[in-house]
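The structure under discussion appears below in the form of structure tokens.
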Amino acid sequence: MNIIYLITGLGGGGAEKVVVDLADKMSEYGHQVKIAYLKGNVVIRPENVEIELIYLGLESIKNSKKSYQRYKKLLLDFKPDVVHAHMVHANIFARISRFFSPIPKLVCTAHSNIEGGKARMLAYRVTHHLSDLTTNVSQSASENFVRLGAVPTNGITTVYNGIKLDRFHRLNTNESLREEIGLSTTDIMLLAVGRLHEAKDYPNLFNAIEILFKEHSESKYIHLFVVGDGNLKSEFEKLITDKKLKERIHLLGRRNDIPELMSAADVFILSSSFEGFGLVVAEAMACETYVVATDCGGVKEVMGGFGTLVPKSDPQLLADGIHQALLLSSGEKGDNNANALQYVKNTFALDRIVGRWIEIYES
């Protein structure tokens, strides 16, 4: 098959990682693949350098005509059997473009339980008929799209994100990495990974860390490392300073050693207020790291009953969840993590998910 993956951008988020991993695996299976992106700089790209990245240049609405012309040329030259669009802007762009440039099959995937406000949900609803299939990345997110009126009842299918298990697995670099980032043998390493963005609700996590230091004397050994970048970095730096936690909360920026960090961490934490899937949670589980996460979007489905799930936007309960996780014996944590890994393998292994997509493309 000839497959075009059309995405809003290729920044460092979870949806972007899913798309490049999917493109790599489809290419490995012998399909011809190209990735087209609407805007922004390329932060993440496929491992297969032969997969072409096509910039469509939709940086603003005034670029719409030129962007469509580039997309039309791609369709005429490549003659795709399937266009698989991801994220709201790409989904709407692909649907409207289909008015003018017919394609055999269009699949549109949303990556969150909330992809913007009422205007975007209306755009989804009025263009729904232009897509052969609309999907979302968790059952919770799919159900929310129905509740919001973005799709009709029974008008959306859930297909989980896939995890690249040859990349995300337990690595034996713990001690050297912990030493590199300044930890002693008695220190406790907490890790969070995700964009410095409102959806990740890092103030919830920082407040929880503050509570831990106030309520539990052993918390003096805790260090929280946050991996990611974003528009709220300066705001979060000020919040950390105001809370007098600069020696305990460390913003690492972008890193290319996420599996190593996950393997080294004592506990992985997700503090989000909303998520479609929670890819980093599944990645941490694949690295056999204990997870404490907020119950938002599809995270509960991803965790599968393992780790600790707490209500969102409640720093006291998040602090309690982290504290209880740290009190677990090594045996209890080991059993949990081994079972969580098996659940990830059975449910989210990339080969399994790619097989599901091939069935959809060919149906």
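Residue numbering restarts at 1 in every chain; chains get A, B, ... in the order shown in the structure tokens, and ligands count up from 1 in that same order.
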- Message: Please extract the residues of stretch 97-296 of chain A with a backbone DSSP assignment of alpha helix (DSSP H) and present them as an MDAnalysis selection string.
- Response: chainID A and resid 97 118:126 139:147 174:180 202:215 233:242 258:264 279:286
With stretch 61-84 of chain A as the partner and 10 Å as the cut-off, tabulate the residues of stretch 130-220 of chain A that qualify, each row holding the nearest pair of atoms and their distance in Å to one decimal, using only C-alpha atoms, sorted by chain and rising number, as a Markdown table.
| residue | atom | partner | partner_atom | distance |
| --- | --- | --- | --- | --- |
| A:Ser131 | CA | A:His84 | CA | 9.8 |
| A:Leu133 | CA | A:His84 | CA | 9.6 |
| A:Thr134 | CA | A:His84 | CA | 9.9 |
Could those selected residues go to a file with C-alpha atoms, as a short mmCIF file (atom, residue, chain, number, x, y, z; two decimals), in the first residue's frame?
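Saved to out12.cif:
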data_model
loop_
_atom_site.label_atom_id
_atom_site.label_comp_id
_atom_site.auth_asym_id
_atom_site.auth_seq_id
_atom_site.Cartn_x
_atom_site.Cartn_y
_atom_site.Cartn_z
CA SER A 131 -13.88 10.61 6.67
CA LEU A 133 -13.35 6.23 9.70
CA THR A 134 -12.78 8.41 12.77
#
- Item | Polymer residues at most 12 Å from stretch 43-52 of chain A, only C-alpha atoms, same-chain spacing of 2 or more positions, as JSON, numbers by chain | {"A": [2, 3, 4, 5, 6, 9, 10, 11, 12, 13, 14, 15, 16, 17, 18, 19, 20, 21, 22, 23, 24, 25, 26, 27, 28, 31, 32, 33, 34, 35, 36, 37, 39, 40, 41, 54, 55, 74, 78, 167, 229, 254, 255, 256]}
Using C-alpha atoms, can you write the selected residues to a file as a short mmCIF file (atom, residue, chain, number, x, y, z; two decimals), in the first residue's frame?
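Listed below is the output, result_10.cif:
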data_model
loop_
_atom_site.label_atom_id
_atom_site.label_comp_id
_atom_site.auth_asym_id
_atom_site.auth_seq_id
_atom_site.Cartn_x
_atom_site.Cartn_y
_atom_site.Cartn_z
CA ASN A 2 0.91 3.64 -0.46
CA ILE A 3 0.21 5.43 2.83
CA ILE A 4 0.36 9.11 3.68
CA TYR A 5 0.46 10.06 7.35
CA LEU A 6 -0.80 13.62 7.66
CA GLY A 9 3.23 19.07 13.25
CA LEU A 10 6.26 17.02 14.18
CA GLY A 11 7.05 18.47 17.60
CA GLY A 12 8.05 16.31 20.54
CA GLY A 13 4.61 15.20 21.77
CA GLY A 14 3.11 11.76 22.18
CA ALA A 15 0.98 11.89 19.02
CA GLU A 16 4.03 12.75 16.93
CA LYS A 17 5.98 9.81 18.39
CA VAL A 18 3.07 7.49 17.62
CA VAL A 19 2.95 8.62 13.98
CA VAL A 20 6.69 8.26 13.27
CA ASP A 21 6.76 4.84 14.96
CA LEU A 22 3.75 3.77 12.90
CA ALA A 23 5.42 5.04 9.72
CA ASP A 24 8.65 3.19 10.52
CA LYS A 25 6.84 -0.07 11.18
CA MET A 26 4.64 0.18 8.05
CA SER A 27 7.74 0.81 5.97
CA GLU A 28 9.41 -2.19 7.61
CA HIS A 31 4.48 -0.44 2.48
CA GLN A 32 5.40 2.86 0.81
CA VAL A 33 5.07 5.65 3.36
CA LYS A 34 5.35 9.44 3.42
CA ILE A 35 4.67 11.86 6.28
CA ALA A 36 3.14 15.27 5.52
CA TYR A 37 2.96 17.89 8.26
CA LYS A 39 3.36 23.46 10.29
CA GLY A 40 6.22 23.96 12.73
CA ASN A 41 9.75 22.66 13.00
CA ILE A 54 6.71 16.89 3.31
CA TYR A 55 6.14 20.36 4.76
CA LEU A 74 1.57 15.04 -3.15
CA PHE A 78 2.19 9.52 -4.78
CA ARG A 167 13.15 0.81 22.68
CA ASP A 229 9.98 21.81 27.16
CA ARG A 254 14.34 17.77 26.16
CA ARG A 255 16.23 14.50 26.54
CA ASN A 256 16.99 11.62 24.19
#
- For atom CA of A:Thr289 and atom CA of A:Asn346, quote the distance in Å rounded to one decimal. 17.3 Å
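Each of A:Cys108, A:Leu350, A:Leu191, A:Leu205 was compared to A:Leu317 using only C-alpha atoms, and A:Leu205 turns out to be the nearest.
Proximity to A:Val226 was assessed for A:Lys214, A:Arg195, A:Arg120, A:Arg356 counting only C-alpha atoms; the smallest distance is recorded for A:Arg195.
Atom pair atom CA of A:Gly305 / atom CA of A:Met285 has a distance of 11.8 Å (rounded to one decimal).
Note that the spacing between atom CA of A:His89 and atom CA of A:Ile163 amounts to 24.3 Å.
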- Message: When DSSP is applied to the backbone of this structure, which of stretch 108-266 of chain A are assigned strand (DSSP E or B)? Write them out as number ranges by chain.
- Response: A: 108-109, 133-136, 157-158, 163, 188-193, 222-228, 249-253
